[in-house]
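First comes the structure, then the notes that go with it.
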Amino acid sequence: MSLVKIKVKKDDVVEVRAGKDKGRRGKVLRVMPEAGRILVEKVNMVKKHQRPNMTNRQGGIIERENKMAISNVMVVCSKCDKPVRVSKKKLEDGKNVRVCRKCGELLD
């Protein structure tokens, strides 16, 4: 798979735009750019059947987050409080930052 341009970072608040959890928001726990996947807190929950073992003495059914495609989420702007597209802007000091396309607010 080709490498995708990732405009989402860890600890961003994102909104799911497609799939079974459409409309839900959560904080990004992990970004996997090589796979084009993302892990979002309390979104895309799956049940995993776990056997008892040495590290986890008690087995059972565990609920956890599952990976989802990065294309299915959008970053939420803190000022607009809406999912927005992200553009990059270069500041006077030469630093690249992410900017909200709706209101121009800095996301970094």
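Letters A, B, ... go to the chains of the structure tokens in the order shown; residues in each chain start at 1; ligands are counted from 1 in the same order.
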Original post:
Any idea what's packed within 12 Å of range 27-31 of chain A, counting only C-alpha atoms, ignoring anything in its chain fewer than 4 positions away? Could you give it as a ChimeraX atom specification?
Top reply: /A:4-16,35-43,65-70,73-76
Could those residues be written to a file, using N, CA and C atoms, as a CSV table (one decimal), in the first residue's frame?
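Listing of again-v1.csv after writing:
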```
chain,number,residue,atom,x,y,z
A,4,VAL,N,0.2,7.2,2.7
A,4,VAL,CA,-0.8,8.3,2.7
A,4,VAL,C,-0.3,9.5,3.4
A,5,LYS,N,-0.7,10.7,3.0
A,5,LYS,CA,-0.4,11.9,3.8
A,5,LYS,C,-1.2,11.9,5.0
A,6,ILE,N,-0.6,11.9,6.1
A,6,ILE,CA,-1.3,11.9,7.4
A,6,ILE,C,-1.4,13.3,8.0
A,7,LYS,N,-2.6,13.8,8.2
A,7,LYS,CA,-2.8,15.1,8.7
A,7,LYS,C,-3.4,15.0,10.1
A,8,VAL,N,-3.4,13.8,10.7
A,8,VAL,CA,-4.0,13.5,12.0
A,8,VAL,C,-2.8,13.1,12.9
A,9,LYS,N,-2.7,13.6,14.1
A,9,LYS,CA,-1.7,13.3,15.1
A,9,LYS,C,-2.3,12.7,16.3
A,10,LYS,N,-1.4,12.1,17.1
A,10,LYS,CA,-1.8,11.5,18.4
A,10,LYS,C,-2.4,12.7,19.3
A,11,ASP,N,-3.4,12.4,20.1
A,11,ASP,CA,-4.1,13.3,21.0
A,11,ASP,C,-5.0,14.3,20.3
A,12,ASP,N,-5.2,14.2,19.0
A,12,ASP,CA,-6.1,15.1,18.3
A,12,ASP,C,-7.5,14.5,18.6
A,13,VAL,N,-8.5,15.4,18.6
A,13,VAL,CA,-9.9,15.0,18.7
A,13,VAL,C,-10.4,14.9,17.3
A,14,VAL,N,-11.0,13.7,16.9
A,14,VAL,CA,-11.5,13.4,15.6
A,14,VAL,C,-12.9,13.0,15.6
A,15,GLU,N,-13.6,13.2,14.5
A,15,GLU,CA,-15.0,12.7,14.4
A,15,GLU,C,-15.0,11.7,13.2
A,16,VAL,N,-15.7,10.6,13.5
A,16,VAL,CA,-15.9,9.5,12.5
A,16,VAL,C,-16.9,10.0,11.4
A,35,ALA,N,0.3,1.6,7.6
A,35,ALA,CA,-0.9,0.8,7.3
A,35,ALA,C,-2.1,1.7,6.9
A,36,GLY,N,-2.0,3.0,7.1
A,36,GLY,CA,-3.1,3.9,6.8
A,36,GLY,C,-4.3,3.7,7.8
A,37,ARG,N,-3.9,3.4,9.0
A,37,ARG,CA,-4.9,3.1,10.1
A,37,ARG,C,-4.7,4.0,11.3
A,38,ILE,N,-5.8,4.1,12.1
A,38,ILE,CA,-5.8,4.9,13.3
A,38,ILE,C,-6.5,4.2,14.4
A,39,LEU,N,-6.2,4.5,15.6
A,39,LEU,CA,-6.8,3.9,16.8
A,39,LEU,C,-7.4,5.1,17.6
A,40,VAL,N,-8.8,5.1,17.7
A,40,VAL,CA,-9.5,6.2,18.4
A,40,VAL,C,-10.1,5.7,19.7
A,41,GLU,N,-10.0,6.5,20.7
A,41,GLU,CA,-10.6,6.1,22.0
A,41,GLU,C,-12.1,6.0,22.0
A,42,LYS,N,-12.6,4.8,22.5
A,42,LYS,CA,-14.0,4.5,22.6
A,42,LYS,C,-14.8,4.5,21.3
A,43,VAL,N,-14.1,4.3,20.2
A,43,VAL,CA,-14.7,4.2,18.9
A,43,VAL,C,-14.3,2.9,18.2
A,65,GLU,N,-10.7,-1.1,21.6
A,65,GLU,CA,-10.8,-0.4,20.3
A,65,GLU,C,-10.1,-1.2,19.2
A,66,ASN,N,-10.7,-1.1,18.0
A,66,ASN,CA,-10.1,-1.7,16.9
A,66,ASN,C,-9.6,-0.6,15.9
A,67,LYS,N,-8.6,-0.9,15.1
A,67,LYS,CA,-8.1,0.0,14.1
A,67,LYS,C,-9.2,0.4,13.1
A,68,MET,N,-9.1,1.6,12.5
A,68,MET,CA,-10.0,2.0,11.5
A,68,MET,C,-9.2,2.8,10.4
A,69,ALA,N,-9.7,3.0,9.3
A,69,ALA,CA,-9.0,3.7,8.2
A,69,ALA,C,-9.0,5.2,8.5
A,70,ILE,N,-7.8,5.8,8.2
A,70,ILE,CA,-7.6,7.2,8.5
A,70,ILE,C,-8.6,8.1,7.6
A,73,VAL,N,-12.0,9.4,9.2
A,73,VAL,CA,-12.1,10.4,10.3
A,73,VAL,C,-11.6,11.8,9.8
A,74,MET,N,-12.1,12.8,10.5
A,74,MET,CA,-11.7,14.2,10.2
A,74,MET,C,-11.4,14.9,11.6
A,75,VAL,N,-10.4,15.7,11.5
A,75,VAL,CA,-10.0,16.5,12.7
A,75,VAL,C,-11.0,17.5,13.1
A,76,VAL,N,-11.3,17.6,14.4
A,76,VAL,CA,-12.3,18.6,14.9
A,76,VAL,C,-11.5,19.8,15.4
```
**OP:** Write out as number ranges by chain which residues come within 6 Å of range 81-88 of chain A when counting only C-alpha atoms, dropping same-chain ones fewer than 2 positions away.
**Re:** A: 74-79, 97-101
Can those selected residues be exported to a file as a CSV table (one decimal), in the first residue's frame so that it contains N, CA and C atoms?
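Result went into selection09.csv, see below:
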```csv
chain,number,residue,atom,x,y,z
A,74,MET,N,-12.1,12.8,10.5
A,74,MET,CA,-11.7,14.2,10.2
A,74,MET,C,-11.4,14.9,11.6
A,75,VAL,N,-10.4,15.7,11.5
A,75,VAL,CA,-10.0,16.5,12.7
A,75,VAL,C,-11.0,17.5,13.1
A,76,VAL,N,-11.3,17.6,14.4
A,76,VAL,CA,-12.3,18.6,14.9
A,76,VAL,C,-11.5,19.8,15.4
A,77,CYS,N,-11.9,21.0,14.8
A,77,CYS,CA,-11.3,22.3,15.2
A,77,CYS,C,-11.8,22.7,16.6
A,78,SER,N,-10.9,23.1,17.4
A,78,SER,CA,-11.4,23.5,18.8
A,78,SER,C,-12.2,24.8,18.8
A,79,LYS,N,-11.9,25.7,17.8
A,79,LYS,CA,-12.7,27.0,17.7
A,79,LYS,C,-14.0,26.8,17.0
A,97,VAL,N,3.0,24.4,10.5
A,97,VAL,CA,1.9,24.1,11.4
A,97,VAL,C,0.6,23.7,10.6
A,98,ARG,N,-0.3,23.0,11.3
A,98,ARG,CA,-1.6,22.7,10.7
A,98,ARG,C,-2.6,23.7,11.0
A,99,VAL,N,-3.4,24.0,10.0
A,99,VAL,CA,-4.4,25.1,10.1
A,99,VAL,C,-5.8,24.7,9.7
A,100,CYS,N,-6.8,25.1,10.4
A,100,CYS,CA,-8.2,24.8,10.1
A,100,CYS,C,-8.5,25.6,8.8
A,101,ARG,N,-9.2,24.9,7.8
A,101,ARG,CA,-9.5,25.6,6.6
A,101,ARG,C,-10.7,26.5,6.7
```
Subject >> Secondary structure check, strand (DSSP E) residues of range 20-103 of chain A, as a PyMOL selection string >> reply: chain A and resi 25-32+37-40+45-50+60-65+68-69+73-76+83-84+86-90+96-100
**OP:** Calculate how many Å separate CA of Lys22 in chain A from CA of Asn72 in chain A, rounding to one decimal.
**Re:**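 CA of Lys22 in chain A sits 8.8 Å away from CA of Asn72 in chain A.
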**OP:** Compile the contact shell of Gly59 in chain A as a ChimeraX atom specification: residues with an atom at most 7 Å away, counting only C-alpha atoms, same-chain residues fewer than 4 positions apart removed.
**Re:** /A:50-52
Subject >> Pick from A:Glu63, A:Glu34, A:Asp108, A:Glu92 nearest to Val46 in chain A, counting only C-alpha atoms >> reply: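 Closest residue, counting only C-alpha atoms: A:Glu63.
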Subject >> Coordinates-based distance that separates CA of Ile62 in chain A from CA of Lys20 in chain A (Å, one decimal) >> reply: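 Pair CA of Lys20 in chain A / CA of Ile62 in chain A returns 19.5 Å.
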Subject >> Computed interatomic separation between CA of Lys90 in chain A and CA of Cys103 in chain A (Å) >> reply: 16.6 Å
